[in-house]
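*Asks:* Next comes the structure file coords_32.cif, holding mmCIF, C-alpha atoms.
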data_final
loop_
_atom_site.label_atom_id
_atom_site.label_comp_id
_atom_site.auth_asym_id
_atom_site.auth_seq_id
_atom_site.Cartn_x
_atom_site.Cartn_y
_atom_site.Cartn_z
CA MET A 1 18.87 56.66 -21.39
CA LYS A 2 15.21 56.05 -20.59
CA THR A 3 13.56 54.97 -23.84
CA LEU A 4 9.80 54.82 -24.33
CA GLY A 5 8.38 52.57 -27.03
CA ILE A 6 4.81 53.02 -28.22
CA ASP A 7 2.64 50.65 -30.22
CA PRO A 8 -0.25 52.92 -31.19
CA GLY A 9 -3.80 51.67 -31.59
CA SER A 10 -7.23 53.23 -31.78
CA SER A 11 -8.52 50.77 -29.11
CA VAL A 12 -5.40 49.73 -27.18
CA THR A 13 -2.05 51.54 -27.18
CA GLY A 14 0.88 49.61 -25.76
CA TRP A 15 3.78 51.38 -24.04
CA GLY A 16 7.03 50.19 -22.58
CA LEU A 17 9.90 51.99 -20.85
CA ILE A 18 13.43 50.58 -20.77
CA ASP A 19 16.87 51.80 -19.84
CA GLY A 20 20.26 50.17 -19.42
CA SER A 21 22.51 49.69 -22.40
CA ALA A 22 21.79 48.16 -25.79
CA SER A 23 23.78 45.10 -24.76
CA ARG A 24 22.01 44.89 -21.41
CA PRO A 25 18.60 46.53 -21.69
CA ARG A 26 16.47 46.73 -18.57
CA LEU A 27 12.69 46.83 -18.23
CA ILE A 28 11.43 49.70 -16.10
CA GLU A 29 7.69 49.49 -16.67
CA CYS A 30 5.16 48.69 -19.37
CA GLY A 31 1.43 48.61 -19.87
CA GLN A 32 -1.49 49.32 -22.15
CA LEU A 33 -3.78 52.32 -22.48
CA ARG A 34 -7.27 51.03 -23.14
CA LEU A 35 -9.66 53.49 -24.73
CA PRO A 36 -13.35 53.29 -23.75
CA ALA A 37 -14.89 51.00 -26.36
CA GLY A 38 -18.35 52.53 -26.56
CA ALA A 39 -17.27 56.18 -26.47
CA ALA A 40 -17.30 58.59 -29.41
CA PHE A 41 -14.08 58.68 -31.39
CA HIS A 42 -13.09 62.21 -30.29
CA THR A 43 -13.65 61.19 -26.65
CA ARG A 44 -11.37 58.19 -27.12
CA LEU A 45 -8.70 60.43 -28.63
CA LEU A 46 -8.97 62.73 -25.63
CA GLU A 47 -8.61 59.75 -23.26
CA LEU A 48 -5.54 58.70 -25.23
CA ARG A 49 -4.02 62.17 -24.86
CA ARG A 50 -4.72 62.20 -21.13
CA GLY A 51 -3.25 58.74 -20.75
CA ILE A 52 -0.05 59.49 -22.64
CA ASP A 53 0.36 62.89 -20.95
CA GLU A 54 0.08 61.24 -17.53
CA LEU A 55 2.71 58.67 -18.54
CA LEU A 56 5.11 61.29 -19.92
CA VAL A 57 4.89 63.34 -16.73
CA ARG A 58 5.35 60.30 -14.50
CA LEU A 59 7.96 58.33 -16.47
CA ARG A 60 10.01 61.20 -17.95
CA PRO A 61 11.48 59.29 -20.90
CA GLU A 62 14.51 60.86 -22.55
CA THR A 63 13.83 59.40 -25.97
CA ALA A 64 10.87 57.73 -27.65
CA ALA A 65 9.87 55.77 -30.70
CA VAL A 66 6.45 55.08 -32.18
CA GLU A 67 5.63 52.24 -34.52
CA TRP A 68 4.53 53.17 -38.04
CA PRO A 69 1.80 50.54 -38.13
CA PHE A 70 0.15 50.99 -41.48
CA HIS A 71 1.44 48.04 -43.41
CA GLY A 72 -1.23 45.46 -44.14
CA VAL A 73 -4.12 47.14 -42.35
CA ASN A 74 -7.24 48.18 -44.21
CA ALA A 75 -7.88 51.81 -45.13
CA ARG A 76 -10.45 52.51 -42.42
CA SER A 77 -8.26 51.03 -39.67
CA ALA A 78 -5.24 52.91 -41.01
CA LEU A 79 -7.09 56.23 -40.85
CA GLN A 80 -8.26 55.56 -37.27
CA LEU A 81 -4.74 54.58 -36.28
CA ALA A 82 -3.36 57.73 -37.87
CA HIS A 83 -5.76 59.88 -35.83
CA ALA A 84 -4.49 58.20 -32.65
CA ARG A 85 -0.91 58.49 -33.78
CA GLY A 86 -1.34 62.22 -34.42
CA VAL A 87 -2.43 62.68 -30.82
CA LEU A 88 0.56 60.65 -29.55
CA LEU A 89 3.18 62.47 -31.68
CA CYS A 90 1.73 65.81 -30.64
CA SER A 91 1.97 64.94 -26.92
CA LEU A 92 5.55 63.72 -27.30
CA ALA A 93 6.46 66.97 -29.08
CA GLU A 94 4.80 68.98 -26.32
CA HIS A 95 7.01 67.18 -23.79
CA GLY A 96 10.11 68.07 -25.79
CA ILE A 97 10.66 64.57 -27.16
CA GLU A 98 11.46 64.02 -30.83
CA PRO A 99 9.90 60.68 -31.60
CA ASP A 100 11.53 58.30 -34.04
CA GLU A 101 9.45 55.84 -35.99
CA TYR A 102 10.02 52.31 -37.19
CA ALA A 103 8.12 50.02 -39.52
CA PRO A 104 6.89 46.71 -38.07
CA ALA A 105 9.39 44.68 -40.11
CA THR A 106 12.31 46.77 -38.80
CA ILE A 107 11.15 46.27 -35.22
CA LYS A 108 10.66 42.53 -35.67
CA LYS A 109 14.05 42.17 -37.33
CA ALA A 110 15.79 44.13 -34.57
CA VAL A 111 14.25 41.96 -31.85
CA THR A 112 14.03 38.49 -33.42
CA GLY A 113 16.38 38.67 -36.39
CA SER A 114 13.49 38.19 -38.80
CA GLY A 115 11.24 40.88 -40.25
CA ARG A 116 8.49 38.28 -40.59
CA ALA A 117 8.40 37.06 -36.98
CA ASP A 118 4.97 36.47 -35.44
CA LYS A 119 3.62 37.97 -32.21
CA VAL A 120 4.67 34.98 -30.10
CA GLN A 121 8.26 35.16 -31.33
CA VAL A 122 8.40 38.91 -30.66
CA ARG A 123 7.03 38.47 -27.15
CA THR A 124 9.40 35.58 -26.43
CA MET A 125 12.44 37.56 -27.52
CA VAL A 126 11.31 40.71 -25.67
CA LEU A 127 11.05 38.73 -22.41
CA ARG A 128 14.40 37.08 -23.06
CA LEU A 129 16.25 40.30 -23.93
CA LEU A 130 14.87 42.09 -20.88
CA SER A 131 15.22 39.04 -18.60
CA ALA A 132 11.58 39.67 -17.75
CA SER A 133 8.83 37.29 -16.72
CA GLY A 134 5.47 36.94 -18.43
CA GLU A 135 3.90 38.50 -15.34
CA GLN A 136 5.91 41.67 -15.86
CA VAL A 137 4.81 42.09 -19.47
CA ARG A 138 1.08 41.62 -19.71
CA GLY A 139 -0.66 41.94 -23.06
CA SER A 140 0.73 41.68 -26.56
CA ASP A 141 0.55 45.45 -27.12
CA ALA A 142 2.86 46.06 -24.15
CA ALA A 143 5.30 43.47 -25.53
CA ASP A 144 5.11 45.11 -28.98
CA ALA A 145 5.81 48.50 -27.40
CA LEU A 146 8.87 47.11 -25.62
CA ALA A 147 10.02 45.73 -28.97
CA VAL A 148 9.77 49.28 -30.38
CA ALA A 149 11.85 50.60 -27.45
CA LEU A 150 14.47 47.84 -27.91
CA CYS A 151 14.65 48.55 -31.64
CA HIS A 152 15.17 52.24 -30.92
CA GLN A 153 17.79 51.56 -28.26
CA GLN A 154 19.68 49.38 -30.72
CA SER A 155 19.33 52.01 -33.44
CA CYS A 156 20.64 54.76 -31.11
CA ARG A 157 23.65 52.58 -30.34
CA HIS A 158 24.33 52.37 -34.04
CA PRO A 159 23.06 55.77 -35.22
CA ALA A 160 25.08 55.59 -38.40
CA ALA A 161 24.48 51.92 -39.08
CA GLY A 162 24.55 51.40 -42.80
CA THR A 163 26.40 54.62 -43.53
CA THR A 164 29.52 54.28 -41.38
CA PRO A 165 29.59 50.64 -40.33
CA SER A 166 32.01 49.64 -37.62
CA ARG A 167 34.62 47.05 -38.54
CA ARG A 168 32.40 44.36 -37.05
CA GLY A 169 29.23 45.90 -38.42
CA PRO A 170 26.13 46.62 -36.33
CA ARG A 171 25.31 43.71 -34.05
CA THR A 172 21.90 42.15 -34.25
CA TRP A 173 19.83 41.22 -31.24
CA GLU A 174 20.45 37.61 -32.13
CA ALA A 175 24.15 38.24 -31.62
CA LEU A 176 23.54 40.18 -28.41
CA VAL A 177 21.39 37.43 -26.92
CA ALA A 178 23.90 34.80 -27.96
CA GLU A 179 26.66 36.85 -26.37
CA ARG A 180 24.72 37.20 -23.12
CA GLU A 181 24.04 33.50 -23.09
CA GLY A 182 27.71 32.76 -23.68
CA ARG A 183 27.32 31.13 -27.09
CA ARG A 184 28.12 32.06 -30.66
CA PRO A 185 25.23 33.53 -32.67
CA MET B 1 -25.29 79.41 -32.02
CA LYS B 2 -21.62 80.04 -32.79
CA THR B 3 -20.55 77.33 -35.24
CA LEU B 4 -16.95 76.58 -36.10
CA GLY B 5 -16.16 74.83 -39.36
CA ILE B 6 -12.76 73.25 -39.90
CA ASP B 7 -11.13 72.12 -43.15
CA PRO B 8 -8.19 70.07 -41.85
CA GLY B 9 -4.88 69.85 -43.63
CA SER B 10 -1.37 68.76 -42.77
CA SER B 11 0.03 72.03 -44.21
CA VAL B 12 -2.88 74.48 -44.01
CA THR B 13 -6.00 74.10 -41.87
CA GLY B 14 -8.87 76.43 -42.69
CA TRP B 15 -11.32 77.59 -40.02
CA GLY B 16 -14.43 79.71 -40.09
CA LEU B 17 -16.83 80.86 -37.40
CA ILE B 18 -20.43 81.81 -38.14
CA ASP B 19 -23.57 82.52 -36.17
CA GLY B 20 -27.01 83.85 -37.03
CA SER B 21 -29.70 81.50 -38.24
CA ALA B 22 -29.62 78.92 -41.00
CA SER B 23 -31.74 81.23 -43.14
CA ARG B 24 -29.53 84.23 -42.33
CA PRO B 25 -26.06 83.01 -41.44
CA ARG B 26 -23.49 85.60 -40.41
CA LEU B 27 -19.71 85.53 -40.73
CA ILE B 28 -17.87 86.24 -37.50
CA GLU B 29 -14.30 85.46 -38.45
CA CYS B 30 -12.27 83.05 -40.56
CA GLY B 31 -8.67 82.27 -41.34
CA GLN B 32 -6.05 79.64 -41.95
CA LEU B 33 -3.55 77.95 -39.65
CA ARG B 34 -0.33 77.52 -41.59
CA LEU B 35 2.05 74.88 -40.26
CA PRO B 36 5.80 75.51 -40.60
CA ALA B 37 6.73 73.84 -43.90
CA GLY B 38 10.25 72.72 -43.06
CA ALA B 39 9.55 71.50 -39.52
CA ALA B 40 9.39 67.88 -38.40
CA PHE B 41 5.95 66.32 -38.60
CA HIS B 42 5.47 66.09 -34.81
CA THR B 43 6.44 69.77 -34.47
CA ARG B 44 3.85 70.71 -37.08
CA LEU B 45 1.22 68.71 -35.20
CA LEU B 46 2.12 70.55 -32.00
CA GLU B 47 1.83 73.91 -33.81
CA LEU B 48 -1.58 72.80 -35.07
CA ARG B 49 -2.69 71.94 -31.54
CA ARG B 50 -1.47 75.29 -30.21
CA GLY B 51 -3.20 77.12 -33.04
CA ILE B 52 -6.55 75.39 -32.59
CA ASP B 53 -6.39 75.67 -28.79
CA GLU B 54 -5.77 79.42 -29.07
CA LEU B 55 -8.76 79.72 -31.44
CA LEU B 56 -11.06 77.68 -29.20
CA VAL B 57 -10.19 79.80 -26.15
CA ARG B 58 -10.62 83.06 -28.06
CA LEU B 59 -13.67 82.25 -30.21
CA ARG B 60 -15.61 79.98 -27.83
CA PRO B 61 -17.67 78.16 -30.47
CA GLU B 62 -20.74 76.32 -29.21
CA THR B 63 -20.70 73.69 -31.91
CA ALA B 64 -18.19 72.52 -34.50
CA ALA B 65 -17.82 70.37 -37.58
CA VAL B 66 -14.73 68.96 -39.26
CA GLU B 67 -14.56 67.83 -42.86
CA TRP B 68 -13.88 64.14 -43.46
CA PRO B 69 -11.46 64.83 -46.29
CA PHE B 70 -10.24 61.41 -47.38
CA HIS B 71 -12.08 60.93 -50.62
CA GLY B 72 -9.80 60.98 -53.64
CA VAL B 73 -6.52 61.72 -51.84
CA ASN B 74 -3.61 59.31 -52.03
CA ALA B 75 -2.76 57.00 -49.13
CA ARG B 76 0.21 58.97 -47.84
CA SER B 77 -1.69 62.29 -47.87
CA ALA B 78 -4.67 60.61 -46.21
CA LEU B 79 -2.51 59.30 -43.37
CA GLN B 80 -0.90 62.71 -42.83
CA LEU B 81 -4.33 64.35 -42.86
CA ALA B 82 -5.61 61.79 -40.36
CA HIS B 83 -2.76 62.60 -37.95
CA ALA B 84 -3.70 66.29 -38.14
CA ARG B 85 -7.38 65.48 -37.78
CA GLY B 86 -6.69 63.41 -34.66
CA VAL B 87 -5.06 66.44 -33.05
CA LEU B 88 -8.02 68.66 -34.02
CA LEU B 89 -10.73 66.26 -32.76
CA CYS B 90 -8.82 65.79 -29.51
CA SER B 91 -8.62 69.55 -28.89
CA LEU B 92 -12.31 70.00 -29.64
CA ALA B 93 -13.15 67.20 -27.19
CA GLU B 94 -10.93 68.82 -24.57
CA HIS B 95 -12.92 72.05 -24.96
CA GLY B 96 -16.18 70.17 -24.44
CA ILE B 97 -17.26 70.31 -28.08
CA GLU B 98 -18.63 67.23 -29.83
CA PRO B 99 -17.51 67.65 -33.41
CA ASP B 100 -19.68 66.48 -36.25
CA GLU B 101 -18.17 65.46 -39.53
CA TYR B 102 -19.25 65.76 -43.14
CA ALA B 103 -17.94 64.33 -46.37
CA PRO B 104 -16.83 66.82 -49.04
CA ALA B 105 -19.79 65.96 -51.31
CA THR B 106 -22.27 66.64 -48.48
CA ILE B 107 -20.67 70.01 -47.78
CA LYS B 108 -20.63 71.00 -51.44
CA LYS B 109 -24.23 69.92 -51.90
CA ALA B 110 -25.36 71.85 -48.83
CA VAL B 111 -23.68 75.05 -50.03
CA THR B 112 -24.03 74.94 -53.81
CA GLY B 113 -26.76 72.38 -54.42
CA SER B 114 -24.29 70.06 -56.17
CA GLY B 115 -22.01 67.50 -54.56
CA ARG B 116 -19.60 67.92 -57.46
CA ALA B 117 -19.13 71.69 -57.28
CA ASP B 118 -15.58 73.01 -57.72
CA LYS B 119 -13.65 75.26 -55.33
CA VAL B 120 -14.66 78.45 -57.16
CA GLN B 121 -18.38 77.59 -56.94
CA VAL B 122 -18.03 76.77 -53.23
CA ARG B 123 -16.24 80.04 -52.52
CA THR B 124 -18.76 82.04 -54.57
CA MET B 125 -21.71 80.54 -52.70
CA VAL B 126 -20.03 80.93 -49.30
CA LEU B 127 -19.50 84.67 -49.95
CA ARG B 128 -23.05 85.01 -51.21
CA LEU B 129 -24.68 83.14 -48.31
CA LEU B 130 -22.71 85.13 -45.75
CA SER B 131 -23.03 88.44 -47.63
CA ALA B 132 -19.27 88.62 -47.29
CA SER B 133 -16.63 90.22 -49.48
CA GLY B 134 -13.60 88.48 -50.94
CA GLU B 135 -11.47 90.56 -48.58
CA GLN B 136 -13.22 89.06 -45.57
CA VAL B 137 -12.60 85.48 -46.69
CA ARG B 138 -8.98 85.09 -47.74
CA GLY B 139 -7.73 81.72 -48.94
CA SER B 140 -9.61 78.74 -50.29
CA ASP B 141 -9.14 76.76 -47.07
CA ALA B 142 -10.93 79.46 -45.06
CA ALA B 143 -13.79 79.42 -47.61
CA ASP B 144 -13.94 75.62 -47.40
CA ALA B 145 -14.06 75.81 -43.60
CA LEU B 146 -16.96 78.28 -43.78
CA ALA B 147 -18.72 75.84 -46.11
CA VAL B 148 -18.32 73.16 -43.42
CA ALA B 149 -19.82 75.52 -40.83
CA LEU B 150 -22.73 76.42 -43.14
CA CYS B 151 -23.38 72.74 -43.83
CA HIS B 152 -23.40 72.03 -40.10
CA GLN B 153 -25.68 74.98 -39.35
CA GLN B 154 -28.12 73.72 -41.96
CA SER B 155 -27.89 70.19 -40.62
CA CYS B 156 -28.56 71.37 -37.04
CA ARG B 157 -31.61 73.20 -38.27
CA HIS B 158 -32.86 69.91 -39.65
CA PRO B 159 -31.36 67.47 -37.15
CA ALA B 160 -33.77 64.73 -38.08
CA ALA B 161 -33.68 65.37 -41.80
CA GLY B 162 -34.24 62.11 -43.60
CA THR B 163 -35.77 60.38 -40.60
CA THR B 164 -38.61 62.73 -39.64
CA PRO B 165 -38.92 65.12 -42.55
CA SER B 166 -40.98 68.25 -42.06
CA ARG B 167 -43.97 68.70 -44.32
CA ARG B 168 -41.88 70.93 -46.59
CA GLY B 169 -38.80 68.76 -46.28
CA PRO B 170 -35.35 70.11 -45.42
CA ARG B 171 -34.55 73.23 -47.39
CA THR B 172 -31.42 73.35 -49.49
CA TRP B 173 -29.08 76.31 -49.58
CA GLU B 174 -30.25 76.90 -53.12
CA ALA B 175 -33.73 77.44 -51.73
CA LEU B 176 -32.44 79.61 -48.88
CA VAL B 177 -30.46 81.86 -51.21
CA ALA B 178 -33.39 82.13 -53.58
CA GLU B 179 -35.63 83.06 -50.66
CA ARG B 180 -33.19 85.71 -49.49
CA GLU B 181 -32.99 87.13 -52.98
CA GLY B 182 -36.76 87.18 -53.26
CA ARG B 183 -37.06 84.63 -56.05
CA ARG B 184 -38.26 81.07 -56.36
CA PRO B 185 -35.54 78.37 -56.22
#
What would you get if you wrote out this structure as C-alpha cells?
*Replies:*
Amino acid sequence: MKTLGIDPGSSVTGWGLIDGSASRPRLIECGQLRLPAGAAFHTRLLELRRGIDELLVRLRPETAAVEWPFHGVNARSALQLAHARGVLLCSLAEHGIEPDEYAPATIKKAVTGSGRADKVQVRTMVLRLLSASGEQVRGSDAADALAVALCHQQSCRHPAAGTTPSRRGPRTWEALVAEREGRRP
Amino acid sequence: MKTLGIDPGSSVTGWGLIDGSASRPRLIECGQLRLPAGAAFHTRLLELRRGIDELLVRLRPETAAVEWPFHGVNARSALQLAHARGVLLCSLAEHGIEPDEYAPATIKKAVTGSGRADKVQVRTMVLRLLSASGEQVRGSDAADALAVALCHQQSCRHPAAGTTPSRRGPRTWEALVAEREGRRP
C-alpha cells in the first residue's frame, strides 16, 4: 500500500511516500514543495496545487494523510496554513484519495512514543524506522511528512485500535523498532 | 469590466457578477454554490472547486474580489472557511485572475455608508444600486457577493484612493445613489 504523508505549509510543504508493511515500512521517495517566497498568496496556492498534482500523477499513492497543524500556531499563520491545506485536500479528492488527518501529538507519539517529541527526535526515529540515511531525507518538512505517512500506516494496520483491541493491544513504534532490533521494548 | 464578487463559505459560497460603471453598475448574474451537507470535507472542497471552475469558464470575469471573512467567527469556522477560500483563490489564479480582498466592514461601508450595517441593509442597498428586484438576487450570500463586487468596482474606480485623492475625494456609494436619484447625499 503506497502511503503519502503530507506536512502542509504556506511556504514549504513536506511530502513523503512509503510502502512495505507497518512492521517493515520502506521509503520510496520524499521531498519538499517550496512556494515562491515573493509571490502573491493566490499565486503560491496555485504553485502548491501544481506541485501536488504533479506528485499525485507521478507517485500514484493509494492512501494519504495530511497533518492537522493548527495547534500552537498564531491565528494569522493558522489561516494561511488552512488556505494551503484546502488546496491540498481538494487535489487529493480530485485524484480519488480520501485523506486522513492526524494531530501533531498523534504523529509524534506514533513515531517516537511521545506526543511531545521534538523535531530532532522525530527525524531520528523516521530515519531509523525506514532504515534511511540523512541524505535520503533532506529537510525537516520531508521528515515530518514521512512521520505522517508512518503514523497513517500504523493506524491502517490497527484501524479499530481503541475500539476492538487485539489481545496484545496495538503495538507502538517503539515496540516495532525494538522488535526489529531484536530487543525488548 | 466584468467583476466577480465572492462571499466564501464552507457550506454556501455566494457569487455575483456585475459590469457597467461604478456610477451605474449593472447586475449580470448571481447565485450560490451549495456544498453537499453530509459529504466529507475534502469532497465538499472538490465540489466547490468544480463549481467555481464552471462559473469562471462560463462567466469569464475580468476582475474578482473575495471577502476576507474572518472577523468575529470562531476558530473552527475560520479554519474551515480558510480551507474553502484557499480553493477559491487557487482557481481564480489558475484562470489568470488576481483576486483582491476586502474585510466585511470595508464592503459594508462601500455599499451602505456604514461599516456596521446589517445583512438587511446590505441587501437593500445592493438591490437599489443595481436596480435589481428581490427575485433577481436570491439568498443573502448572493447579495453579500454582489456587495463584494460593488466594493471592488468602486475601489477600482479609485485605485489610488487615500494615497492620491482626487480634488473631490473618492465618492461613497451613498453619494452615488444620491446622485442617481437626483438628490444631494
*Asks:* Please tabulate, as a Markdown table, the residues of chain A that come within 10 Å of chain B, each with its closest pair of atoms and the distance in Å to one decimal, counting all atoms listed in the file and ordering rows by chain, then residue number upward.
*Replies:*
| residue | atom | partner | partner_atom | distance |
| --- | --- | --- | --- | --- |
| A:Ala40 | CA | B:Glu98 | CA | 8.8 |
| A:Phe41 | CA | B:Leu89 | CA | 8.4 |
| A:His42 | CA | B:Leu89 | CA | 5.3 |
| A:Thr43 | CA | B:Ala93 | CA | 6.1 |
| A:Arg44 | CA | B:Cys90 | CA | 8.4 |
| A:Leu45 | CA | B:Cys90 | CA | 5.4 |
| A:Leu46 | CA | B:Cys90 | CA | 4.9 |
| A:Glu47 | CA | B:Cys90 | CA | 8.7 |
| A:Leu48 | CA | B:Cys90 | CA | 8.9 |
| A:Arg49 | CA | B:Cys90 | CA | 7.6 |
| A:Arg50 | CA | B:Glu94 | CA | 9.7 |
| A:Phe70 | CA | B:Leu79 | CA | 8.9 |
| A:Ala75 | CA | B:Ala75 | CA | 8.3 |
| A:Ala78 | CA | B:Leu79 | CA | 7.3 |
| A:Leu79 | CA | B:Ala82 | CA | 5.8 |
| A:Gln80 | CA | B:Ala82 | CA | 7.4 |
| A:Leu81 | CA | B:Ala82 | CA | 8.3 |
| A:Ala82 | CA | B:His83 | CA | 4.9 |
| A:His83 | CA | B:Gly86 | CA | 3.8 |
| A:Ala84 | CA | B:Gly86 | CA | 6.0 |
| A:Arg85 | CA | B:His83 | CA | 6.1 |
| A:Gly86 | CA | B:His83 | CA | 3.8 |
| A:Val87 | CA | B:Val87 | CA | 5.1 |
| A:Leu88 | CA | B:Val87 | CA | 8.8 |
| A:Leu89 | CA | B:His42 | CA | 5.3 |
| A:Cys90 | CA | B:Leu46 | CA | 4.9 |
| A:Ser91 | CA | B:Leu46 | CA | 7.6 |
| A:Leu92 | CA | B:His42 | CA | 7.9 |
| A:Ala93 | CA | B:His42 | CA | 5.9 |
| A:Glu94 | CA | B:Leu46 | CA | 6.5 |
| A:Gly96 | CA | B:Thr43 | CA | 9.6 |
| A:Ile97 | CA | B:His42 | CA | 9.4 |
| A:Glu98 | CA | B:His42 | CA | 7.5 |
| A:Pro99 | CA | B:His42 | CA | 7.7 |
| A:Asp100 | CA | B:His42 | CA | 9.9 |
*Asks:* On this structure, which residues satisfy the PyMOL selection byres ((chain B and resi 101) around 6), written as a PyMOL selection string?
*Replies:* chain B and resi 65-68+100+102
*Asks:* Can you tell me, as a PDB file with C-alpha atoms, keeping the file's coordinate frame, what residues are no more than 12 Å from Ala145 of chain A when counting all atoms listed in the file, ignoring any on the same chain fewer than 3 positions away?
*Replies:*
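Once everything was written out, this is around-v8.pdb:
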ATOM      1  CA  THR A   3      13.560  54.970 -23.840  1.00  0.00           C
ATOM      2  CA  LEU A   4       9.800  54.820 -24.330  1.00  0.00           C
ATOM      3  CA  GLY A   5       8.380  52.570 -27.030  1.00  0.00           C
ATOM      4  CA  ILE A   6       4.810  53.020 -28.220  1.00  0.00           C
ATOM      5  CA  ASP A   7       2.640  50.650 -30.220  1.00  0.00           C
ATOM      6  CA  PRO A   8      -0.250  52.920 -31.190  1.00  0.00           C
ATOM      7  CA  GLY A   9      -3.800  51.670 -31.590  1.00  0.00           C
ATOM      8  CA  VAL A  12      -5.400  49.730 -27.180  1.00  0.00           C
ATOM      9  CA  THR A  13      -2.050  51.540 -27.180  1.00  0.00           C
ATOM     10  CA  GLY A  14       0.880  49.610 -25.760  1.00  0.00           C
ATOM     11  CA  TRP A  15       3.780  51.380 -24.040  1.00  0.00           C
ATOM     12  CA  GLY A  16       7.030  50.190 -22.580  1.00  0.00           C
ATOM     13  CA  LEU A  17       9.900  51.990 -20.850  1.00  0.00           C
ATOM     14  CA  ILE A  18      13.430  50.580 -20.770  1.00  0.00           C
ATOM     15  CA  LEU A  27      12.690  46.830 -18.230  1.00  0.00           C
ATOM     16  CA  GLU A  29       7.690  49.490 -16.670  1.00  0.00           C
ATOM     17  CA  CYS A  30       5.160  48.690 -19.370  1.00  0.00           C
ATOM     18  CA  GLY A  31       1.430  48.610 -19.870  1.00  0.00           C
ATOM     19  CA  GLN A  32      -1.490  49.320 -22.150  1.00  0.00           C
ATOM     20  CA  LEU A  33      -3.780  52.320 -22.480  1.00  0.00           C
ATOM     21  CA  ALA A  64      10.870  57.730 -27.650  1.00  0.00           C
ATOM     22  CA  ALA A  65       9.870  55.770 -30.700  1.00  0.00           C
ATOM     23  CA  VAL A  66       6.450  55.080 -32.180  1.00  0.00           C
ATOM     24  CA  GLU A  67       5.630  52.240 -34.520  1.00  0.00           C
ATOM     25  CA  TRP A  68       4.530  53.170 -38.040  1.00  0.00           C
ATOM     26  CA  PRO A  69       1.800  50.540 -38.130  1.00  0.00           C
ATOM     27  CA  GLU A 101       9.450  55.840 -35.990  1.00  0.00           C
ATOM     28  CA  TYR A 102      10.020  52.310 -37.190  1.00  0.00           C
ATOM     29  CA  PRO A 104       6.890  46.710 -38.070  1.00  0.00           C
ATOM     30  CA  ILE A 107      11.150  46.270 -35.220  1.00  0.00           C
ATOM     31  CA  LYS A 108      10.660  42.530 -35.670  1.00  0.00           C
ATOM     32  CA  VAL A 111      14.250  41.960 -31.850  1.00  0.00           C
ATOM     33  CA  LYS A 119       3.620  37.970 -32.210  1.00  0.00           C
ATOM     34  CA  VAL A 122       8.400  38.910 -30.660  1.00  0.00           C
ATOM     35  CA  ARG A 123       7.030  38.470 -27.150  1.00  0.00           C
ATOM     36  CA  VAL A 126      11.310  40.710 -25.670  1.00  0.00           C
ATOM     37  CA  VAL A 137       4.810  42.090 -19.470  1.00  0.00           C
ATOM     38  CA  ARG A 138       1.080  41.620 -19.710  1.00  0.00           C
ATOM     39  CA  GLY A 139      -0.660  41.940 -23.060  1.00  0.00           C
ATOM     40  CA  SER A 140       0.730  41.680 -26.560  1.00  0.00           C
ATOM     41  CA  ASP A 141       0.550  45.450 -27.120  1.00  0.00           C
ATOM     42  CA  ALA A 142       2.860  46.060 -24.150  1.00  0.00           C
ATOM     43  CA  VAL A 148       9.770  49.280 -30.380  1.00  0.00           C
ATOM     44  CA  ALA A 149      11.850  50.600 -27.450  1.00  0.00           C
ATOM     45  CA  LEU A 150      14.470  47.840 -27.910  1.00  0.00           C
ATOM     46  CA  CYS A 151      14.650  48.550 -31.640  1.00  0.00           C
ATOM     47  CA  HIS A 152      15.170  52.240 -30.920  1.00  0.00           C
TER      48      HIS A 152
END
*Asks:* Kindly give the distance, in Å, that separates atom CA of Ser21 of chain A and atom CA of Leu59 of chain A, rounded to a single decimal.
*Replies:*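 The value is 17.9 Å.
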*Asks:* Suppose you want the space between atom CA of Thr112 of chain A and atom CA of Met125 of chain A; what is it in Å?
*Replies:*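 We find that atom CA of Thr112 of chain A and atom CA of Met125 of chain A lie 6.2 Å from each other.
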*Asks:* Can you work out the spacing between atom CA of Gly20 of chain B and atom CA of Lys2 of chain B in Å, to one decimal?
*Replies:*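 Going from atom CA of Gly20 of chain B over to atom CA of Lys2 of chain B, I get 7.8 Å.
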*Asks:* Looking at all atoms listed in the file, which of A:Ala22, A:Val120, A:Ala143, A:Met1 is the one that sits closest to Ser155 of chain A?
*Replies:*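 Distance minimum relative to Ser155 of chain A lands on A:Ala22.
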*Asks:* From the options A:Gly134, A:His95, A:Gln121, A:Ser11, which residue's atoms come nearest to Arg58 of chain A, counting only C-alpha atoms?
*Replies:*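 Smallest separation from Arg58 of chain A among the options: A:His95.
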*Asks:* Box for segment 118-123 of chain B - axis-aligned, 4 Å on each of the six sides, all listed atoms - centre and size in Å to one decimal, as AutoDock Vina command-line options.
*Replies:*
--center_x -16.0 --center_y 76.5 --center_z -55.1 --size_x 12.7 --size_y 15.0 --size_z 13.2
